[in-house]
file upload_2.cif (mmCIF, C-alpha atoms)
data_input
#
loop_
_atom_site.label_atom_id
_atom_site.label_comp_id
_atom_site.auth_asym_id
_atom_site.auth_seq_id
_atom_site.Cartn_x
_atom_site.Cartn_y
_atom_site.Cartn_z
CA MET A 20 15.50 57.79 19.89
CA ALA A 21 12.67 56.70 22.14
CA LEU A 22 12.96 59.95 24.02
CA ARG A 23 12.82 61.94 20.79
CA GLU A 24 9.85 59.84 19.71
CA ASN A 25 7.99 60.74 22.88
CA ARG A 26 8.77 64.44 22.61
CA GLU A 27 7.68 64.82 19.00
CA PHE A 28 4.09 65.41 18.09
CA ASP A 29 2.76 61.93 17.32
CA TRP A 30 1.31 62.64 13.91
CA VAL A 31 1.19 58.90 13.14
CA PHE A 32 -1.05 58.28 16.11
CA THR A 33 -3.19 61.27 15.13
CA ILE A 34 -3.60 60.15 11.53
CA LEU A 35 -4.37 56.56 12.45
CA CYS A 36 -6.86 57.56 15.10
CA GLY A 37 -8.44 60.00 12.68
CA ALA A 38 -8.76 57.29 10.07
CA SER A 39 -10.24 54.93 12.62
CA LEU A 40 -12.79 57.49 13.73
CA LEU A 41 -13.64 58.13 10.11
CA PHE A 42 -14.32 54.42 9.68
CA LEU A 43 -16.50 54.47 12.77
CA LEU A 44 -18.38 57.61 11.86
CA LEU A 45 -18.91 56.91 8.16
CA PRO A 46 -19.12 53.16 7.89
CA VAL A 47 -21.41 53.22 4.85
CA ALA A 48 -19.57 55.91 2.90
CA ARG A 49 -18.67 54.76 -0.59
CA PRO A 50 -14.88 55.24 -0.25
CA ILE A 51 -14.84 53.37 3.01
CA GLN A 52 -17.02 50.63 1.62
CA THR A 53 -14.70 50.34 -1.36
CA LEU A 54 -11.67 50.22 0.89
CA ARG A 55 -13.30 47.59 3.03
CA LEU A 56 -14.23 45.55 -0.03
CA LEU A 57 -10.71 45.73 -1.42
CA ALA A 58 -9.23 44.84 1.93
CA SER A 59 -11.56 41.89 2.27
CA TYR A 60 -10.29 40.55 -1.08
CA VAL A 61 -6.77 40.61 0.30
CA LEU A 62 -7.34 39.65 3.92
CA THR A 63 -10.27 37.24 3.88
CA PRO A 64 -8.26 34.45 2.21
CA ILE A 65 -5.91 34.42 5.19
CA PRO A 66 -8.29 32.70 7.64
CA LEU A 67 -9.60 30.46 4.88
CA GLU A 68 -6.16 29.26 3.89
CA VAL A 69 -5.09 28.97 7.50
CA HIS A 70 -8.16 26.84 8.23
CA LYS A 71 -7.37 24.62 5.27
CA GLY A 72 -3.78 24.35 6.39
CA ALA A 73 -4.85 23.58 9.95
CA GLU A 74 -7.20 20.88 8.76
CA TYR A 75 -4.47 19.46 6.57
CA MET A 76 -2.02 19.49 9.44
CA ALA A 77 -4.59 17.92 11.72
CA GLN A 78 -4.87 15.07 9.22
CA VAL A 79 -1.14 14.52 9.09
CA PRO A 80 -0.92 12.14 12.07
CA ARG A 81 -3.89 10.16 10.71
CA ASN A 82 -2.32 10.12 7.27
CA ILE A 83 0.98 8.92 8.69
CA ILE A 84 -0.81 6.15 10.56
CA ASP A 85 -2.72 5.27 7.39
CA LEU A 86 0.52 5.25 5.46
CA LEU A 87 2.15 2.93 7.94
CA GLU A 88 -0.89 0.64 7.96
CA THR A 89 -0.97 0.66 4.18
CA ASP A 90 2.70 -0.20 4.08
CA GLU A 91 2.12 -3.07 6.47
CA GLU A 92 -0.86 -4.27 4.41
CA ASN A 93 1.16 -3.92 1.25
CA ARG A 94 3.90 -6.12 2.69
CA ARG A 95 1.32 -8.70 3.75
CA LEU A 96 -0.32 -8.68 0.33
CA ARG A 97 3.06 -9.03 -1.34
CA ARG A 98 3.69 -12.13 0.73
CA GLN A 99 0.26 -13.43 -0.27
CA VAL A 100 1.01 -12.76 -3.92
CA GLU A 101 4.24 -14.71 -3.60
CA ASP A 102 2.33 -17.57 -1.98
CA GLN A 103 -0.27 -17.43 -4.73
CA ARG A 104 2.45 -17.53 -7.35
CA VAL A 105 3.82 -20.68 -5.80
CA ARG A 106 0.35 -22.18 -5.65
CA LEU A 107 -0.31 -21.19 -9.25
CA ALA A 108 2.88 -22.84 -10.38
CA ARG A 109 1.88 -25.97 -8.47
CA LEU A 110 -1.62 -25.88 -9.98
CA GLU A 111 -0.22 -25.47 -13.47
CA SER A 112 1.98 -28.46 -12.82
CA LEU A 113 -1.04 -30.44 -11.60
CA GLU A 114 -3.01 -29.30 -14.60
CA ASP A 115 -0.33 -30.59 -16.92
CA GLU A 116 -0.21 -33.82 -15.00
CA ASN A 117 -3.99 -34.07 -15.14
CA ALA A 118 -3.99 -33.55 -18.90
CA ARG A 119 -1.29 -36.15 -19.34
CA LEU A 120 -3.12 -38.69 -17.16
CA ARG A 121 -6.37 -37.90 -18.94
CA ASP A 122 -4.66 -38.65 -22.23
CA GLU A 123 -3.17 -41.85 -20.89
CA MET A 124 -6.52 -42.99 -19.52
CA ARG A 125 -8.20 -42.04 -22.74
CA LEU A 126 -10.52 -39.70 -20.91
CA ALA A 127 -9.95 -36.91 -23.34
CA PRO A 128 -12.83 -36.16 -25.65
CA PRO A 129 -12.81 -38.23 -28.82
CA ARG A 130 -10.96 -36.85 -31.76
CA GLY A 131 -13.03 -34.43 -33.73
CA TRP A 132 -15.02 -33.31 -30.74
CA SER A 133 -14.67 -29.75 -29.76
CA GLY A 134 -16.00 -27.94 -26.76
CA LEU A 135 -15.07 -27.14 -23.23
CA TRP A 136 -15.10 -28.60 -19.78
CA ALA A 137 -17.52 -27.25 -17.22
CA GLY A 138 -17.89 -27.84 -13.52
CA ILE A 139 -21.23 -28.77 -12.04
CA VAL A 140 -22.13 -26.03 -9.62
CA LEU A 141 -25.72 -26.74 -8.69
CA ARG A 142 -28.07 -29.69 -8.50
CA ASP A 143 -31.66 -29.45 -7.48
CA PRO A 144 -32.43 -32.20 -4.96
CA ALA A 145 -36.06 -32.05 -6.05
CA ALA A 146 -35.05 -32.69 -9.64
CA TRP A 147 -32.00 -34.82 -9.15
CA ASN A 148 -32.29 -36.72 -12.41
CA ARG A 149 -33.65 -33.88 -14.45
CA TRP A 150 -31.15 -31.03 -14.60
CA PHE A 151 -28.09 -29.46 -13.13
CA MET A 152 -26.18 -26.20 -13.58
CA VAL A 153 -22.67 -25.80 -14.87
CA ASP A 154 -20.28 -22.89 -14.58
CA ARG A 155 -19.94 -22.07 -18.22
CA GLY A 156 -22.26 -19.88 -20.25
CA SER A 157 -22.55 -17.67 -23.27
CA GLN A 158 -19.44 -15.74 -22.28
CA HIS A 159 -17.57 -18.98 -22.83
CA GLY A 160 -19.28 -19.81 -26.11
CA VAL A 161 -21.89 -22.19 -24.80
CA THR A 162 -25.16 -22.40 -26.77
CA GLU A 163 -28.41 -24.30 -26.38
CA ARG A 164 -27.19 -26.80 -28.95
CA HIS A 165 -24.24 -28.02 -26.91
CA VAL A 166 -24.31 -31.72 -26.04
CA VAL A 167 -23.23 -32.70 -22.55
CA VAL A 168 -20.92 -35.68 -22.23
CA GLY A 169 -19.67 -37.27 -19.05
CA VAL A 170 -16.68 -39.41 -18.26
CA GLU A 171 -16.86 -42.03 -15.54
CA GLY A 172 -13.91 -44.29 -15.24
CA ASP A 173 -13.15 -45.64 -18.68
CA HIS A 174 -16.58 -44.85 -19.93
CA VAL A 175 -17.65 -41.86 -21.94
CA GLY A 176 -21.36 -41.39 -22.26
CA LEU A 177 -24.16 -39.02 -23.07
CA VAL A 178 -25.40 -37.00 -20.09
CA GLY A 179 -27.85 -34.60 -21.71
CA ARG A 180 -27.88 -31.30 -23.51
CA VAL A 181 -27.78 -27.63 -22.69
CA LEU A 182 -31.27 -26.30 -22.13
CA GLU A 183 -30.73 -22.73 -20.97
CA VAL A 184 -27.70 -20.52 -21.28
CA GLY A 185 -26.82 -17.62 -19.05
CA PRO A 186 -23.83 -15.35 -19.33
CA ARG A 187 -21.68 -17.37 -17.01
CA GLU A 188 -23.76 -20.46 -16.34
CA SER A 189 -25.92 -23.00 -18.18
CA LYS A 190 -28.62 -25.44 -17.25
CA VAL A 191 -28.27 -28.97 -18.52
CA LEU A 192 -31.29 -31.12 -19.27
CA LEU A 193 -30.32 -34.67 -18.33
CA LEU A 194 -30.87 -37.70 -20.49
CA THR A 195 -32.91 -39.17 -17.66
CA ASP A 196 -35.46 -36.34 -17.76
CA GLU A 197 -38.79 -37.25 -19.33
CA LEU A 198 -38.36 -34.50 -21.89
CA SER A 199 -35.13 -35.98 -23.25
CA HIS A 200 -35.41 -38.08 -26.42
CA VAL A 201 -32.55 -39.46 -28.44
CA THR A 202 -32.64 -41.73 -31.48
CA ALA A 203 -30.64 -44.77 -30.47
CA PHE A 204 -29.54 -48.15 -31.78
CA VAL A 205 -28.17 -51.27 -30.22
CA ARG A 206 -24.54 -51.96 -31.00
CA GLY A 207 -24.03 -54.81 -33.42
CA THR A 208 -27.59 -54.73 -34.70
CA ARG A 209 -29.61 -52.60 -37.04
CA TRP A 210 -32.43 -52.11 -34.57
CA GLU A 211 -33.23 -48.53 -33.72
CA GLY A 212 -35.50 -47.02 -31.13
CA LEU A 213 -36.13 -43.85 -29.22
CA ALA A 214 -34.33 -43.42 -25.92
CA SER A 215 -36.33 -41.37 -23.46
CA GLY A 216 -35.82 -40.34 -19.88
CA THR A 217 -38.00 -41.69 -17.12
CA GLY A 218 -37.40 -39.14 -14.42
CA GLY A 219 -35.53 -41.80 -12.51
CA ARG A 220 -32.05 -43.19 -12.90
CA ALA A 221 -32.84 -45.28 -15.98
CA VAL A 222 -33.65 -44.62 -19.60
CA GLN A 223 -36.16 -46.51 -21.67
CA VAL A 224 -35.67 -47.33 -25.34
CA ARG A 225 -38.97 -47.74 -27.07
CA TYR A 226 -40.15 -48.54 -30.55
CA LEU A 227 -37.71 -51.41 -30.97
CA ALA A 228 -38.95 -53.99 -33.39
CA GLN A 229 -40.67 -57.04 -31.94
CA GLU A 230 -38.31 -59.39 -33.71
CA ALA A 231 -35.19 -57.67 -32.35
CA GLN A 232 -33.11 -60.14 -30.32
CA LEU A 233 -31.94 -58.10 -27.38
CA ASN A 234 -30.05 -59.17 -24.31
CA ALA A 235 -29.18 -57.53 -21.05
CA GLY A 236 -25.80 -55.89 -21.32
CA ASP A 237 -26.18 -54.82 -24.91
CA GLU A 238 -24.80 -51.35 -25.44
CA VAL A 239 -27.12 -48.65 -26.71
CA LEU A 240 -25.56 -45.87 -28.76
CA VAL A 241 -26.70 -42.63 -30.40
CA SER A 242 -28.08 -43.36 -33.83
CA PRO A 243 -26.47 -41.91 -36.94
CA VAL A 244 -29.85 -40.39 -37.84
CA SER A 245 -29.78 -38.11 -34.80
CA SER A 246 -29.29 -34.54 -35.81
CA ALA A 247 -28.74 -33.18 -32.30
CA PHE A 248 -26.37 -35.75 -30.80
CA PRO A 249 -23.07 -37.14 -32.07
CA GLU A 250 -23.30 -40.53 -33.73
CA GLY A 251 -22.04 -43.54 -31.79
CA LEU A 252 -21.94 -41.84 -28.42
CA SER A 253 -22.77 -44.32 -25.70
CA ILE A 254 -26.11 -43.96 -23.96
CA GLY A 255 -26.04 -46.98 -21.71
CA THR A 256 -26.45 -50.72 -21.51
CA VAL A 257 -29.62 -52.74 -21.56
CA SER A 258 -30.48 -53.70 -18.02
CA SER A 259 -33.85 -55.30 -18.58
CA ILE A 260 -36.33 -56.03 -21.34
CA LEU A 261 -39.91 -55.27 -20.61
CA ALA A 262 -42.48 -57.94 -21.33
CA PRO A 263 -43.95 -57.49 -24.83
CA ASP A 264 -47.38 -55.93 -25.00
CA PRO A 265 -49.65 -58.08 -27.20
CA ILE A 266 -51.36 -55.01 -28.52
CA LEU A 267 -48.22 -53.07 -29.47
CA THR A 268 -45.95 -53.97 -32.32
CA PHE A 269 -42.68 -52.90 -30.67
CA GLN A 270 -40.78 -53.67 -27.55
CA THR A 271 -39.24 -51.56 -24.84
CA VAL A 272 -36.00 -52.04 -22.96
CA VAL A 273 -34.69 -50.38 -19.84
CA VAL A 274 -31.21 -48.95 -20.19
CA ALA A 275 -28.79 -48.06 -17.43
CA PRO A 276 -26.91 -44.94 -18.48
CA THR A 277 -23.24 -45.35 -19.22
CA VAL A 278 -22.43 -42.42 -17.03
CA ARG A 279 -24.21 -41.90 -13.72
CA GLN A 280 -24.70 -38.20 -13.62
CA GLU A 281 -24.72 -38.07 -9.81
CA GLN A 282 -21.13 -39.25 -9.87
CA LEU A 283 -19.96 -36.40 -12.00
CA LYS A 284 -18.25 -33.22 -10.85
CA GLU A 285 -17.51 -31.91 -14.28
CA VAL A 286 -18.81 -32.53 -17.78
CA PHE A 287 -17.69 -31.85 -21.30
CA LEU A 288 -19.87 -29.46 -23.29
CA MET A 289 -19.53 -30.65 -26.84
CA ALA A 290 -20.03 -28.11 -29.57
CA PRO A 291 -22.72 -29.00 -32.09
CA LYS A 292 -21.70 -30.37 -35.46
CA GLY A 293 -20.05 -27.77 -37.62
CA ASP A 294 -19.46 -25.43 -34.66
CA PRO A 295 -15.76 -25.00 -34.08
CA SER A 296 -16.11 -23.66 -30.50
CA MET B 28 13.01 46.97 10.56
CA ASN B 29 12.78 46.36 6.87
CA GLY B 30 9.68 45.99 4.74
CA LEU B 31 9.95 42.24 4.40
CA ARG B 32 10.06 41.75 8.14
CA LEU B 33 7.10 44.08 8.55
CA GLY B 34 5.08 42.19 5.97
CA LEU B 35 5.97 38.82 7.40
CA MET B 36 5.14 39.94 10.91
CA PHE B 37 1.79 41.27 9.80
CA PHE B 38 0.78 38.15 7.93
CA PHE B 39 2.20 35.82 10.56
CA GLY B 40 0.15 37.62 13.20
CA CYS B 41 -2.97 37.38 11.07
CA ALA B 42 -2.39 33.69 10.38
CA LEU B 43 -1.73 32.89 14.04
CA HIS B 44 -4.88 34.74 15.05
CA ALA B 45 -6.88 32.94 12.36
CA TRP B 46 -5.55 29.58 13.52
CA LEU B 47 -6.31 30.24 17.17
CA ALA B 48 -9.74 31.67 16.44
CA GLY B 49 -10.70 29.08 13.84
CA SER B 50 -9.15 25.85 15.00
CA VAL B 51 -8.30 26.15 18.69
CA ALA B 52 -11.04 28.38 20.06
CA PRO B 53 -13.89 25.92 19.36
CA LEU B 54 -12.06 23.38 21.51
CA VAL B 55 -11.69 25.63 24.55
CA TRP B 56 -15.03 27.47 24.63
CA GLY B 57 -13.57 30.39 22.73
CA VAL B 58 -11.04 31.23 25.41
CA VAL B 59 -7.76 31.69 23.58
CA PRO B 60 -5.09 34.38 23.91
CA HIS B 61 -5.76 37.48 21.84
CA VAL B 62 -2.61 37.08 19.86
CA LEU B 63 -2.94 40.32 17.87
CA LEU B 64 -3.29 42.34 21.04
CA LEU B 65 -0.23 40.61 22.46
CA ALA B 66 1.67 41.20 19.25
CA THR B 67 0.77 44.88 19.20
CA VAL B 68 2.07 45.31 22.74
CA ALA B 69 5.18 43.32 21.91
CA VAL B 70 5.91 45.39 18.80
CA SER B 71 5.41 48.63 20.73
CA ILE B 72 7.86 47.50 23.37
CA THR B 73 10.49 46.08 21.09
CA ASP B 74 10.24 48.34 18.03
CA GLY B 75 8.92 51.59 19.41
CA ARG B 76 5.64 53.34 19.83
CA ARG B 77 5.12 54.26 16.20
CA ALA B 78 5.71 50.75 15.02
CA GLY B 79 3.21 49.60 17.62
CA GLU B 80 0.70 52.13 16.42
CA VAL B 81 1.08 51.16 12.78
CA PHE B 82 0.93 47.44 13.47
CA GLY B 83 -1.93 47.97 15.86
CA PHE B 84 -3.84 49.88 13.22
CA LEU B 85 -3.17 47.24 10.54
CA TRP B 86 -4.10 44.31 12.76
CA GLY B 87 -7.14 46.19 13.98
CA PHE B 88 -8.08 46.84 10.38
CA TYR B 89 -7.71 43.13 9.69
CA LEU B 90 -10.05 42.33 12.58
CA ASP B 91 -12.54 44.95 11.41
CA VAL B 92 -12.52 43.63 7.85
CA LEU B 93 -13.23 40.15 9.14
CA GLY B 94 -15.84 41.41 11.59
CA VAL B 95 -19.39 42.40 10.89
CA ARG B 96 -19.92 45.55 12.93
CA LEU B 97 -18.19 48.63 14.31
CA PHE B 98 -15.85 48.97 11.37
CA GLY B 99 -12.92 50.98 12.69
CA ALA B 100 -13.28 50.16 16.38
CA ASN B 101 -10.42 47.70 16.40
CA CYS B 102 -8.33 50.09 14.31
CA LEU B 103 -8.79 52.77 16.93
CA LEU B 104 -8.30 50.52 19.96
CA PHE B 105 -5.26 48.71 18.64
CA THR B 106 -3.67 51.99 17.60
CA ALA B 107 -4.31 53.21 21.11
CA ILE B 108 -2.84 50.03 22.57
CA GLY B 109 0.27 50.58 20.47
CA TYR B 110 0.45 54.16 21.67
CA PHE B 111 0.01 53.39 25.37
CA ALA B 112 2.26 50.34 25.32
CA GLY B 113 4.92 52.44 23.65
CA ASN B 114 4.55 55.16 26.29
CA VAL B 115 4.44 52.89 29.28
CA ARG B 116 7.91 51.58 28.64
CA ARG B 117 9.21 54.98 29.75
CA HIS B 118 7.88 54.33 33.23
CA MET B 119 8.69 50.66 33.79
CA ASP B 120 10.95 47.95 32.43
CA VAL B 121 8.39 46.12 30.37
CA ASN B 122 11.02 43.73 29.07
CA GLN B 123 10.75 41.94 32.41
CA PRO B 124 8.03 39.26 32.54
CA LEU B 125 5.99 40.55 35.45
CA PRO B 126 5.66 44.20 34.35
CA HIS B 127 5.00 43.08 30.83
CA ALA B 128 2.32 40.64 31.95
CA THR B 129 0.75 43.36 34.06
CA VAL B 130 0.64 45.77 31.14
CA VAL B 131 -0.94 43.11 28.94
CA LEU B 132 -3.50 42.25 31.63
CA VAL B 133 -4.58 45.87 31.97
CA MET B 134 -4.57 46.42 28.19
CA THR B 135 -6.76 43.40 27.60
CA VAL B 136 -9.37 44.41 30.14
CA ALA B 137 -9.26 47.97 28.86
CA TYR B 138 -9.62 46.78 25.29
CA HIS B 139 -12.78 44.79 26.01
CA PHE B 140 -14.41 47.57 27.98
CA ALA B 141 -13.35 50.24 25.47
CA TYR B 142 -14.81 48.17 22.68
CA ALA B 143 -18.06 47.84 24.61
CA VAL B 144 -18.14 51.61 25.13
CA LEU B 145 -17.50 52.28 21.45
CA ALA B 146 -20.28 49.88 20.62
CA LEU B 147 -22.54 51.73 23.02
CA ILE B 148 -21.68 55.04 21.34
CA PHE B 149 -21.87 53.97 17.72
CA SER B 150 -24.42 51.16 17.77
CA LYS B 151 -26.24 51.75 21.05
CA ARG B 152 -25.28 48.37 22.44
CA PHE B 153 -22.84 47.55 25.20
CA LEU B 154 -21.00 44.68 23.55
CA LEU B 155 -19.03 42.77 26.14
CA PRO B 156 -17.50 39.51 24.90
CA GLY B 157 -19.04 37.38 27.63
CA TRP B 158 -17.83 36.46 31.09
CA PRO B 159 -15.58 33.51 30.25
CA VAL B 160 -13.59 35.59 27.78
CA LEU B 161 -13.74 38.71 29.91
CA LEU B 162 -12.47 36.89 33.00
CA VAL B 163 -10.08 34.34 31.56
CA GLN B 164 -8.60 35.99 28.49
CA PRO B 165 -6.78 38.78 30.37
CA LEU B 166 -5.12 36.19 32.60
CA LEU B 167 -4.34 34.00 29.63
CA ASN B 168 -2.87 36.95 27.74
CA ALA B 169 -0.80 37.90 30.75
CA ALA B 170 0.52 34.38 31.03
CA VAL B 171 1.43 34.10 27.36
CA ALA B 172 2.72 37.62 26.79
CA PRO B 173 6.26 37.23 28.18
CA PHE B 174 6.86 34.18 25.99
CA LEU B 175 5.58 36.02 22.92
CA LEU B 176 7.81 38.96 23.73
CA VAL B 177 10.89 36.75 23.86
CA LEU B 178 9.88 34.95 20.67
CA SER B 179 9.06 38.15 18.79
CA SER B 180 12.44 39.79 19.30
CA PRO B 181 15.05 37.77 21.15
CA GLY B 182 17.92 39.93 19.85
CA ARG B 183 16.48 43.13 21.25
CA SER B 184 15.76 41.44 24.55
CA ARG B 185 19.43 40.45 24.80
CA ARG B 186 20.53 43.97 23.88
CA SER B 187 18.21 45.45 26.44
CA ARG B 188 19.61 43.08 29.10
CA GLY B 189 23.16 43.94 28.03
#
call {"tool": "encode", "arguments": {"input": "upload_2.cif", "output": "structure tokens"}}
result
Amino acid sequence: MALRENREFDWVFTILCGASLLFLLLPVARPIQTLRLLASYVLTPIPLEVHKGAEYMAQVPRNIIDLLETDEENRRLRRQVEDQRVRLARLESLEDENARLRDEMRLAPPRGWSGLWAGIVLRDPAAWNRWFMVDRGSQHGVTERHVVVGVEGDHVGLVGRVLEVGPRESKVLLLTDELSHVTAFVRGTRWEGLASGTGGRAVQVRYLAQEAQLNAGDEVLVSPVSSAFPEGLSIGTVSSILAPDPILTFQTVVVAPTVRQEQLKEVFLMAPKGDPS
Amino acid sequence: MNGLRLGLMFFFGCALHAWLAGSVAPLVWGVVPHVLLLATVAVSITDGRRAGEVFGFLWGFYLDVLGVRLFGANCLLFTAIGYFAGNVRRHMDVNQPLPHATVVLVMTVAYHFAYAVLALIFSKRFLLPGWPVLLVQPLLNAAVAPFLLVLSSPGRSRRSRG
């Protein structure tokens, strides 16, 4: 067959060479341009697809390594999730225990109070007795009318009120700040005065009647006439009675707050009256 | 040789050339085996001169379509390679590695110079591919050719040995 092939006139070679020479001689002829254009539609995708395939194949080892690393990371994270589940169960158990102990120690908010607990996240050393920040804000239902109550030991007392509310945090104006004023009365008497902060650790109750018989240790509570603070909430105990001023017609006492705010790590944000939050 | 095998051979050759030229050549300063030239020689030797001419023309056409100048030069040169490779098997046993490598070496050098001459005729420029390719590619082609011949048609190689 090969011998016959060699003996015959090679018309295939002649035609193909003729076509090739035609391409070379008439490269801009319309039929040749059309042929070239059509051929490019068919043949040009070959190198493009091969390049894509080569790039894909070149990524395969990296992808396999990534897959193995991801699998390893996935296993590690699964172990972490299991650990976290155990920790969560333990925390839930502690939370239940905490609630039970709080009930037994009567640290829970008084009946009828509603609100939420908040952790103290920031204190300004330059304004230690003036304000602090808690980790609850408007997203949690906190408003500027919320009253801040603290629990220290067996004592529940007024700490201050919410001054500014952010989405996830709030600033609390302390009772000891000079801007804080609360109508107060002394337990067991009918004498009322105005409790105001001093900027220090104490509170002063002014405008008490001259004839009021007050003694150190008397408890000062929120007056029923207060519209902003809950009635009967403890403010503090009388620590000293200032000498009467002959000019003024009232007396002033110094009160040590029931709850020392610097001892607190969390506070109860009490919803204002009529607010169910 | 049926149509499916022809089509697959053609596209496989194009894809292999595209892979070598696109992905491998940039890594080795452009010096890669001219796989379509090798394939044309291999087809001529294993499937006959006419098959070599047809495949040479088609692969040359593929190169010309992808190229930007001298449309038809590769068609002509690859057809000629198919023709000469088909004829040379009458004079030597090109199924053996050394003669086959020699044929490929000569064909490669001839191809580059013939292309440069065609460029000189039709575009007035002597377009040599550059010394690295001109010096190394013939040797590389000669080294790779016997393996490609065995891979391209192992059955025929066995028959020819038998």
call {"tool": "interface_residues", "arguments": {"input": "upload_2.cif", "of": "chain B", "to": "chain A", "cutoff": "8 Å", "atoms": "all atoms listed in the file", "output": "mmCIF file with C-alpha atoms, keeping the file's coordinate frame"}}
result
data_model
loop_
_atom_site.group_PDB
_atom_site.id
_atom_site.type_symbol
_atom_site.label_atom_id
_atom_site.label_comp_id
_atom_site.auth_asym_id
_atom_site.auth_seq_id
_atom_site.Cartn_x
_atom_site.Cartn_y
_atom_site.Cartn_z
ATOM 1 C CA CYS B 41 -2.970 37.380 11.070
ATOM 2 C CA ALA B 42 -2.390 33.690 10.380
ATOM 3 C CA ALA B 45 -6.880 32.940 12.360
ATOM 4 C CA TRP B 46 -5.550 29.580 13.520
ATOM 5 C CA GLY B 49 -10.700 29.080 13.840
ATOM 6 C CA SER B 50 -9.150 25.850 15.000
ATOM 7 C CA GLY B 75 8.920 51.590 19.410
ATOM 8 C CA ARG B 76 5.640 53.340 19.830
ATOM 9 C CA ARG B 77 5.120 54.260 16.200
ATOM 10 C CA GLU B 80 0.700 52.130 16.420
ATOM 11 C CA VAL B 81 1.080 51.160 12.780
ATOM 12 C CA PHE B 84 -3.840 49.880 13.220
ATOM 13 C CA TYR B 89 -7.710 43.130 9.690
ATOM 14 C CA VAL B 92 -12.520 43.630 7.850
ATOM 15 C CA LEU B 93 -13.230 40.150 9.140
ATOM 16 C CA LEU B 97 -18.190 48.630 14.310
ATOM 17 C CA PHE B 98 -15.850 48.970 11.370
ATOM 18 C CA GLY B 99 -12.920 50.980 12.690
ATOM 19 C CA ALA B 100 -13.280 50.160 16.380
ATOM 20 C CA CYS B 102 -8.330 50.090 14.310
ATOM 21 C CA LEU B 103 -8.790 52.770 16.930
ATOM 22 C CA THR B 106 -3.670 51.990 17.600
ATOM 23 C CA ALA B 107 -4.310 53.210 21.110
ATOM 24 C CA TYR B 110 0.450 54.160 21.670
ATOM 25 C CA ASN B 114 4.550 55.160 26.290
ATOM 26 C CA PHE B 149 -21.870 53.970 17.720
#
call {"tool": "atom_distance", "arguments": {"input": "upload_2.cif", "atom1": "CA of Ala203 in chain A", "atom2": "CA of Leu227 in chain A"}}
result
9.7 Å
call {"tool": "residues_around", "arguments": {"input": "upload_2.cif", "residues": "Val241 in chain A", "least_positions_apart": "4", "cutoff": "9 Å", "atoms": "all atoms listed in the file", "output": "list in words"}}
result
Leu177, Val201, Thr202, Ala203, Phe204, Val205, Ala214, Ser245, Phe248, Pro249, Glu250, Gly251, Leu252, Ser253 and Ile254 of chain A
call {"tool": "residues_around", "arguments": {"input": "upload_2.cif", "residues": "Ile72 in chain B", "least_positions_apart": "3", "cutoff": "9 Å", "atoms": "all atoms listed in the file", "output": "list in words"}}
result
Thr67, Val68, Ala69, Gly75, Arg76, Gly79, Gly109, Ala112, Gly113, Asn114, Val115, Arg116, Val121, Asn122 and Leu176 of chain B
call {"tool": "atom_distance", "arguments": {"input": "upload_2.cif", "atom1": "CA of Phe37 in chain B", "atom2": "CA of Leu65 in chain B"}}
result
12.8 Å
call {"tool": "residues_around", "arguments": {"input": "upload_2.cif", "residues": "Val131 in chain B", "least_positions_apart": "6", "cutoff": "10 Å", "atoms": "only C-alpha atoms", "output": "number ranges by chain"}}
result
B: 64-65, 68-69, 108, 112, 121, 125, 137, 165-173
call {"tool": "atom_distance", "arguments": {"input": "upload_2.cif", "atom1": "CA of Gly160 in chain A", "atom2": "CA of Trp136 in chain A"}}
result
11.6 Å
call {"tool": "resolve_selection", "arguments": {"input": "upload_2.cif", "expression": "the PyMOL selection byres ((chain B and resi 143) around 8)", "output": "short mmCIF file (atom, residue, chain, number, x, y, z; two decimals) with C-alpha atoms, keeping the file's coordinate frame"}}
result
data_model
loop_
_atom_site.label_atom_id
_atom_site.label_comp_id
_atom_site.auth_asym_id
_atom_site.auth_seq_id
_atom_site.Cartn_x
_atom_site.Cartn_y
_atom_site.Cartn_z
CA HIS B 139 -12.78 44.79 26.01
CA PHE B 140 -14.41 47.57 27.98
CA ALA B 141 -13.35 50.24 25.47
CA TYR B 142 -14.81 48.17 22.68
CA VAL B 144 -18.14 51.61 25.13
CA LEU B 145 -17.50 52.28 21.45
CA ALA B 146 -20.28 49.88 20.62
CA LEU B 147 -22.54 51.73 23.02
CA ARG B 152 -25.28 48.37 22.44
CA PHE B 153 -22.84 47.55 25.20
CA LEU B 154 -21.00 44.68 23.55
CA LEU B 155 -19.03 42.77 26.14
#
call {"tool": "residues_around", "arguments": {"input": "upload_2.cif", "residues": "Pro186 in chain A", "least_positions_apart": "4", "cutoff": "10 Å", "atoms": "all atoms listed in the file", "output": "ChimeraX atom specification"}}
result
/A:154-161
call {"tool": "residues_around", "arguments": {"input": "upload_2.cif", "residues": "Ser199 in chain A", "least_positions_apart": "4", "cutoff": "10 Å", "atoms": "all atoms listed in the file", "output": "tab-separated table (two decimals) with C-alpha atoms, keeping the file's coordinate frame"}}
result
chain	number	residue	atom	x	y	z
A	149	ARG	CA	-33.65	-33.88	-14.45
A	179	GLY	CA	-27.85	-34.60	-21.71
A	180	ARG	CA	-27.88	-31.30	-23.51
A	192	LEU	CA	-31.29	-31.12	-19.27
A	193	LEU	CA	-30.32	-34.67	-18.33
A	194	LEU	CA	-30.87	-37.70	-20.49
A	195	THR	CA	-32.91	-39.17	-17.66
A	213	LEU	CA	-36.13	-43.85	-29.22
A	214	ALA	CA	-34.33	-43.42	-25.92
A	215	SER	CA	-36.33	-41.37	-23.46
A	216	GLY	CA	-35.82	-40.34	-19.88
A	217	THR	CA	-38.00	-41.69	-17.12
A	218	GLY	CA	-37.40	-39.14	-14.42
A	222	VAL	CA	-33.65	-44.62	-19.60
